[in-house]
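J.: Structure incoming, see below.
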Amino acid sequence: MLALVSPALLVIFALIVLPVGWLAWQSIYHDGFTLENYRRVFTEDVYWRSFALTFEISLAVTGIALLLGYPVAYLANSVPKGWSILILSLVVLPFWTSVLVRAYAWLALLQRTGVINQFLRYLDVISEPLALVHNTFGTVVATVHILLPFMVLPLYATMQKIPNDLMQAGASLGASPSLTFMRVFLPLSLPGVLAGCTMVFVLCLGFYITPELLGGGRTVMVSMLVSRNVELYNQFGAASAVAVVLLLSVLAIFFVVSRFISLDRVLGQK
Amino acid sequence: MTMKQKFGLGCALLGAIGFNSAADAAEQITFVSQGGAYQQAQTVAILDPSAKKLGITINQDSIPDAWPAIKTQVGSGKPIWDVVDTPTGNCLRGGEQGLIEKLDFSKIPNGAAMPGAYRSPYSVSYEFYSSVLSYSQKTFPKDAPNSWADFWDVKKFPGRRALRNHPFATLEAALMADGVAPDKLYPLDVDRAFKKLEEIKPHITVWWTSGAQSAQLLNDGEVDMEMAWNGRVSAVAKEGAKVSFTYNQGILQSTSLCILKGAPNLETAIKFLNEAVDPVHQANLPLHIDYGPGNPKAFETNVIKPERAAQLPSEPANAAKQALMSYAWWSSPAGEAAEKRWASFMQK
């Protein structure tokens, strides 16, 4: 078995473990051992604000993705096979366009002269264009759109495994459809909810393109700090310290989640 | 292995992979710029003519931000590049950190003839661009904003505004809005500049990060006025958008040529550097792209027609209306501190 996986392990070691390890090393070693980069991350306001904003945005994105994704997954699960394939392909379809293109598409929709504002003005609903983009709002909208499949797919996979008999049993015992849903279906789908939320939350923590393009410069997420620090301090250490702190936060989240459900369910969909 | 053997082996290898003459290998340099239309324009205007005149081969490479590569290459002790075209600040900072060769101007007569502000011990100006005040002619068909004080005057000039998400040129603009004369900016009064910026901050719709973004904002009418690079604005105008800009109180910025410390072809690199800022080659550049020559003598060559010259940022009359950015100040400790302060200003 080990012989079989060793090429894959080697690739992972050479392309992921080594570079990440090297970057982490740079964050503590620059002409000698130093904790300066970490001192900065933990004492300067800028970093706290960015980390706080990043977590806020990630929470908002996760919440909205769950609200939007759950009904979609539920529908895909309850309709005949052909329909569910159609629904799921619609969910997956945007995967095939680049994130950059989708971010620009949102710009075209949301900006002052964009489709939505023009339409609302045409209908006379608004007199002044709404500020829909170049702020946190626009960032959240586009990020939700991009991360939605990561919510829908784990939810759908979990729902597929809930036996239909249980719902029928609930109905035969006199429960209304909404009561069966609340007492039987929803609790059984919770592992999927947790899996989907973890995926979306963690991916969102490292998002770069949407806040950069749609945040108007004010929405500074942690990933942007990483890139800016390379420019500002002219060494990788300052940037990798930020990345290491983010990586550790992600690992901490996975650790907490793993106390509740098996990580295989989040990552591998057993 | 002796030098001769090495050379012989090198020639053999070059021959083996299809280079046919050893003479080509004798004098060559690797020149690095930022790619795209800009590097193409240089190839036609400056690089090919220089190579022909000097009888050397110029190998080209391109990179959007040369600084990390300069650091890594010189740090490794075996740089591959010789001459780099990069924002002037990189040359100065590199010089101070021992990454860039100090220039012997007795071997660079074209550079020595340039005004002092256009060169440094480590670099010579290569081309100029300007951070200008641009505006939509739809919003301002007449009485357009013409100074940074106008840009800051939200009552007289209502409209949506954008600035670059970077302290370079932005602090200078703030100080000019506050009444500092373009030629009295340095050393920048950083506190005063940030205080002035706080004033306009609530009225800034977008803090742009890339030149492409600034062009898109102007083109789509997303903002009514913004600071942008002159070449970006004229490109948008050429596409048919009703936009314009003024050189008045523009901030004149440059990229410069400098040579990596321990460059493999130092002698040839110096010869090339001198040739590249030759007034005639320099005068050819603006015929291919909207950047001004780094050598002001280019305007005396009659290669650039007067009507074209009037459009260029470094044309003497235009330059006189603008502030010349001091890269020496920006790479000083005070400048670096101001750069770091920018992040907390943006997030407050």
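A note on labels: chains of the structure tokens are A, B, ... as shown, every chain counts residues from 1, and ligands are counted from 1 in their shown order.
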Per residue of chain A within 12 Å of chain B, note the shortest atom pair and the distance in Å to one decimal, counting only C-alpha atoms, and order the rows by chain and increasing residue number, as a Markdown table.
T.:
```
| residue | atom | partner | partner_atom | distance |
| --- | --- | --- | --- | --- |
| A:Arg40 | CA | B:Lys340 | CA | 11.8 |
| A:Glu44 | CA | B:Ser344 | CA | 8.9 |
| A:Asp45 | CA | B:Ser344 | CA | 7.3 |
| A:Val46 | CA | B:Ser344 | CA | 5.4 |
| A:Tyr47 | CA | B:Ser344 | CA | 9.1 |
| A:Trp48 | CA | B:Gln347 | CA | 10.4 |
| A:Arg49 | CA | B:Gln347 | CA | 7.3 |
| A:Ser50 | CA | B:Gln347 | CA | 8.1 |
| A:Phe51 | CA | B:Gln347 | CA | 11.7 |
| A:Ala52 | CA | B:Gln347 | CA | 11.6 |
| A:Leu53 | CA | B:Gln347 | CA | 10.1 |
| A:Tyr104 | CA | B:Gln213 | CA | 10.6 |
| A:Leu107 | CA | B:Gln216 | CA | 10.3 |
| A:Ala108 | CA | B:Asp220 | CA | 9.1 |
| A:Leu109 | CA | B:Asp220 | CA | 11.9 |
| A:Leu110 | CA | B:Glu222 | CA | 10.6 |
| A:Gln111 | CA | B:Glu222 | CA | 6.8 |
| A:Arg112 | CA | B:Glu222 | CA | 5.7 |
| A:Thr113 | CA | B:Glu222 | CA | 6.5 |
| A:Gly114 | CA | B:Asp220 | CA | 8.7 |
| A:Val115 | CA | B:Asp220 | CA | 11.9 |
| A:Asn117 | CA | B:Glu222 | CA | 11.7 |
| A:Pro129 | CA | B:Glu222 | CA | 10.5 |
| A:Leu130 | CA | B:Glu222 | CA | 11.8 |
| A:Ala131 | CA | B:Thr205 | CA | 8.9 |
| A:Leu132 | CA | B:Thr205 | CA | 11.1 |
| A:Val133 | CA | B:Val206 | CA | 9.4 |
| A:His134 | CA | B:Val206 | CA | 6.1 |
| A:Asn135 | CA | B:Val206 | CA | 8.5 |
| A:Ile209 | CA | B:Thr209 | CA | 11.9 |
| A:Pro211 | CA | B:Thr209 | CA | 11.4 |
| A:Glu212 | CA | B:Thr209 | CA | 8.0 |
| A:Leu213 | CA | B:Gln213 | CA | 8.2 |
| A:Leu214 | CA | B:Val206 | CA | 9.3 |
| A:Gly215 | CA | B:Val206 | CA | 8.2 |
| A:Gly216 | CA | B:Val206 | CA | 4.5 |
| A:Gly217 | CA | B:Trp207 | CA | 4.7 |
| A:Arg218 | CA | B:Met346 | CA | 6.3 |
| A:Thr219 | CA | B:Gln347 | CA | 8.0 |
| A:Val220 | CA | B:Gln347 | CA | 7.4 |
| A:Met221 | CA | B:Gln347 | CA | 10.5 |
| A:Met224 | CA | B:Ala343 | CA | 11.0 |
| A:Leu225 | CA | B:Ala343 | CA | 9.1 |
| A:Arg228 | CA | B:Ala343 | CA | 9.1 |
| A:Asn229 | CA | B:Lys340 | CA | 9.5 |
| A:Val230 | CA | B:Pro68 | CA | 8.5 |
| A:Glu231 | CA | B:Pro68 | CA | 8.7 |
| A:Leu232 | CA | B:Lys340 | CA | 6.9 |
| A:Tyr233 | CA | B:Lys340 | CA | 8.7 |
| A:Asn234 | CA | B:Pro68 | CA | 7.2 |
| A:Gln235 | CA | B:Pro68 | CA | 7.8 |
| A:Phe236 | CA | B:Pro68 | CA | 9.0 |
```
J.: I want to know what sits within 10 Å of B:Tyr118, based on only C-alpha atoms, with residues of the same chain fewer than 2 positions away left out; could you give that as a list in words?
T.: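 Returned residues: Thr88, Gly111, Ala112, Ala113, Met114, Pro115, Gly116, Ser120, Ser123, Val124, Ser125, Tyr126, Ser254, Ser256, Gly294, Asn295, Pro296 and Leu324 of chain B.
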J.: Select, from B:Pro109, B:Gly89, B:Pro333, B:Pro158, the residue with the minimum atom-to-atom distance to B:Tyr122, counting only C-alpha atoms.
T.: B:Gly89
J.: Please, what distance in Å, to one decimal, runs between atom CA of A:Leu205 and atom CA of B:Glu198?
T.: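 Separation between atom CA of A:Leu205 and atom CA of B:Glu198: 29.3 Å.
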J.: Using only C-alpha atoms, which residues sit within 9 Å of A:Leu246 once same-chain residues fewer than 2 positions away are excluded, as number ranges by chain?
T.: A: 51, 205-206, 222-223, 241-244, 248-251
J.: Which residues are close to B:Gly159, i.e. within 12 Å by only C-alpha atoms, leaving aside same-chain residues fewer than 5 positions away? Reply as a list in words.
T.: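 What passes the distance filter is Tyr135, Ser136, Lys138, Thr139, Phe140, Ala144, Pro145, Asp150, Phe151, Trp152, Asp153, Val154, His203, Ile204, Thr205, Gly221, Glu222, Val223, Asp224, Met225 and Glu226 of chain B.
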J.: From the options B:Ser50, B:Asn248, B:Thr86, B:Gln97, which residue's atoms come nearest to B:Pro182, counting only C-alpha atoms?
T.: B:Asn248
J.: I need the residue nearest B:Asp183 from this list: B:Val277, B:Ile251, B:Val236, B:Val32. Use only C-alpha atoms for the distance.
T.: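 That would be B:Ile251, the residue with the smallest distance to B:Asp183.
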J.: Given only C-alpha atoms as the basis, pick out the residue of B:Lys155, B:Lys242, B:Lys195, B:His281 nearest to B:Leu171.
T.: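 Among B:Lys155, B:Lys242, B:Lys195, B:His281, it is B:Lys195 that comes nearest to B:Leu171.
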J.: Go through stretch 125-230 of chain A and flag each residue having an atom no more than 12 Å from stretch 60-64 of chain A; for those, report the closest pair of atoms plus their distance in Å to one decimal, using only C-alpha atoms, ordered by chain and rising number, as CSV.
T.:
```
residue,atom,partner,partner_atom,distance
A:Thr136,CA,A:Ala60,CA,10.5
A:Phe137,CA,A:Ala60,CA,10.1
A:Gly138,CA,A:Val61,CA,11.4
A:Thr139,CA,A:Val61,CA,9.4
A:Val140,CA,A:Val61,CA,6.0
A:Val141,CA,A:Val61,CA,7.9
A:Ala142,CA,A:Val61,CA,9.4
A:Thr143,CA,A:Val61,CA,6.9
A:Val144,CA,A:Val61,CA,5.4
A:His145,CA,A:Val61,CA,9.2
A:Ile146,CA,A:Val61,CA,10.2
A:Leu147,CA,A:Val61,CA,8.4
A:Leu148,CA,A:Thr62,CA,8.9
A:Pro149,CA,A:Thr62,CA,11.8
A:Phe150,CA,A:Thr62,CA,10.2
A:Met151,CA,A:Thr62,CA,8.4
A:Val152,CA,A:Thr62,CA,11.6
A:Val193,CA,A:Thr62,CA,10.3
A:Leu194,CA,A:Thr62,CA,10.5
A:Ala195,CA,A:Thr62,CA,11.3
A:Gly196,CA,A:Thr62,CA,8.5
A:Cys197,CA,A:Thr62,CA,5.8
A:Thr198,CA,A:Thr62,CA,8.3
A:Met199,CA,A:Thr62,CA,8.9
A:Val200,CA,A:Thr62,CA,5.9
A:Phe201,CA,A:Thr62,CA,5.7
A:Val202,CA,A:Thr62,CA,9.4
A:Leu203,CA,A:Thr62,CA,10.0
A:Cys204,CA,A:Val61,CA,7.6
A:Leu205,CA,A:Val61,CA,10.1
A:Phe207,CA,A:Val61,CA,11.3
```
J.: Go ahead and save the picked residues with C-alpha atoms, as a PDB file, in the first residue's frame.
T.:
```pdb
ATOM      1  CA  THR A 136     -18.075  44.556   1.812  1.00  0.00           C
ATOM      2  CA  PHE A 137     -21.543  43.906   0.374  1.00  0.00           C
ATOM      3  CA  GLY A 138     -20.259  43.305  -3.153  1.00  0.00           C
ATOM      4  CA  THR A 139     -17.463  41.144  -1.809  1.00  0.00           C
ATOM      5  CA  VAL A 140     -19.891  38.948   0.122  1.00  0.00           C
ATOM      6  CA  VAL A 141     -22.300  38.564  -2.803  1.00  0.00           C
ATOM      7  CA  ALA A 142     -19.627  37.395  -5.222  1.00  0.00           C
ATOM      8  CA  THR A 143     -17.924  35.170  -2.671  1.00  0.00           C
ATOM      9  CA  VAL A 144     -21.217  33.442  -1.841  1.00  0.00           C
ATOM     10  CA  HIS A 145     -21.777  32.813  -5.533  1.00  0.00           C
ATOM     11  CA  ILE A 146     -18.334  31.298  -5.960  1.00  0.00           C
ATOM     12  CA  LEU A 147     -18.471  29.133  -2.838  1.00  0.00           C
ATOM     13  CA  LEU A 148     -22.089  27.957  -3.111  1.00  0.00           C
ATOM     14  CA  PRO A 149     -21.246  24.583  -4.753  1.00  0.00           C
ATOM     15  CA  PHE A 150     -19.067  23.736  -1.750  1.00  0.00           C
ATOM     16  CA  MET A 151     -22.194  24.044   0.380  1.00  0.00           C
ATOM     17  CA  VAL A 152     -24.692  22.317  -1.900  1.00  0.00           C
ATOM     18  CA  VAL A 193     -24.598  21.228   7.243  1.00  0.00           C
ATOM     19  CA  LEU A 194     -21.477  21.109   9.352  1.00  0.00           C
ATOM     20  CA  ALA A 195     -19.411  19.714   6.475  1.00  0.00           C
ATOM     21  CA  GLY A 196     -20.647  22.336   4.026  1.00  0.00           C
ATOM     22  CA  CYS A 197     -20.233  25.182   6.493  1.00  0.00           C
ATOM     23  CA  THR A 198     -16.684  24.128   7.334  1.00  0.00           C
ATOM     24  CA  MET A 199     -15.683  23.923   3.680  1.00  0.00           C
ATOM     25  CA  VAL A 200     -17.175  27.302   2.822  1.00  0.00           C
ATOM     26  CA  PHE A 201     -15.867  29.011   5.933  1.00  0.00           C
ATOM     27  CA  VAL A 202     -12.327  27.736   5.538  1.00  0.00           C
ATOM     28  CA  LEU A 203     -12.154  28.482   1.816  1.00  0.00           C
ATOM     29  CA  CYS A 204     -13.514  31.952   2.445  1.00  0.00           C
ATOM     30  CA  LEU A 205     -10.833  32.715   5.018  1.00  0.00           C
ATOM     31  CA  PHE A 207     -10.192  34.444  -0.432  1.00  0.00           C
TER      32      PHE A 207
END
```
J.: Name the residues in contact with B:Lys53 at a cut-off of 12 Å, using only C-alpha atoms, excluding same-chain residues fewer than 3 positions from it; report them as a compact mmCIF listing (two decimals) with N, CA and C atoms, in the first residue's frame.
T.:
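Output below, filename part_16.txt:
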```txt
# COMPACT_ATOMS: atom_id res chain seq x y z
N ILE B 46 13.99 51.16 -28.84
CA ILE B 46 15.27 51.29 -28.16
C ILE B 46 16.13 50.03 -28.25
N LEU B 47 15.55 48.87 -27.93
CA LEU B 47 16.38 47.67 -27.77
C LEU B 47 16.99 47.19 -29.09
N ASP B 48 16.15 47.02 -30.12
CA ASP B 48 16.68 46.54 -31.40
C ASP B 48 17.70 47.51 -31.99
N PRO B 49 17.40 48.83 -32.05
CA PRO B 49 18.40 49.76 -32.57
C PRO B 49 19.70 49.76 -31.75
N SER B 50 19.59 49.65 -30.43
CA SER B 50 20.80 49.63 -29.60
C SER B 50 21.63 48.39 -29.88
N ILE B 56 25.60 43.83 -30.31
CA ILE B 56 25.44 42.85 -29.23
C ILE B 56 24.09 42.16 -29.35
N THR B 57 23.94 41.10 -28.60
CA THR B 57 22.65 40.43 -28.54
C THR B 57 21.96 40.81 -27.23
N ILE B 58 20.72 41.24 -27.33
CA ILE B 58 19.97 41.57 -26.11
C ILE B 58 18.92 40.49 -25.89
N LYS B 271 27.72 49.55 -21.46
CA LYS B 271 27.64 50.09 -22.83
C LYS B 271 26.18 50.21 -23.27
N PHE B 272 25.42 49.17 -22.96
CA PHE B 272 24.01 49.19 -23.35
C PHE B 272 23.25 50.30 -22.63
N ASN B 274 24.25 53.10 -21.53
CA ASN B 274 24.54 54.39 -22.14
C ASN B 274 23.74 54.55 -23.45
N GLU B 275 23.74 53.49 -24.24
CA GLU B 275 23.06 53.55 -25.54
C GLU B 275 21.54 53.70 -25.37
N ALA B 276 21.00 53.05 -24.35
CA ALA B 276 19.54 53.03 -24.17
C ALA B 276 18.98 54.40 -23.84
N ASP B 278 20.31 57.14 -25.06
CA ASP B 278 20.68 58.02 -26.17
C ASP B 278 19.46 58.83 -26.60
N HIS B 281 17.23 57.30 -29.56
CA HIS B 281 16.45 56.11 -29.18
C HIS B 281 15.32 56.51 -28.25
```
J.: Give me, please, the distance in Å between atom CA of B:Ile63 and atom CA of B:Pro167, quoted to one decimal.
T.: 22.6 Å
J.: Would you list, as a list in words, the residues of stretch 241-275 of chain B that end up in strand (DSSP E or B) under DSSP run on this structure's backbone?
T.: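 So the strand (DSSP E or B) residues in stretch 241-275 of chain B would be Val243, Ser244, Phe245, Thr246, Tyr247, Asn248, Gln249, Gly250, Ile251, Leu252, Gln253, Ser254, Thr255, Ser256, Leu257, Cys258, Ile259 and Leu260 of chain B.
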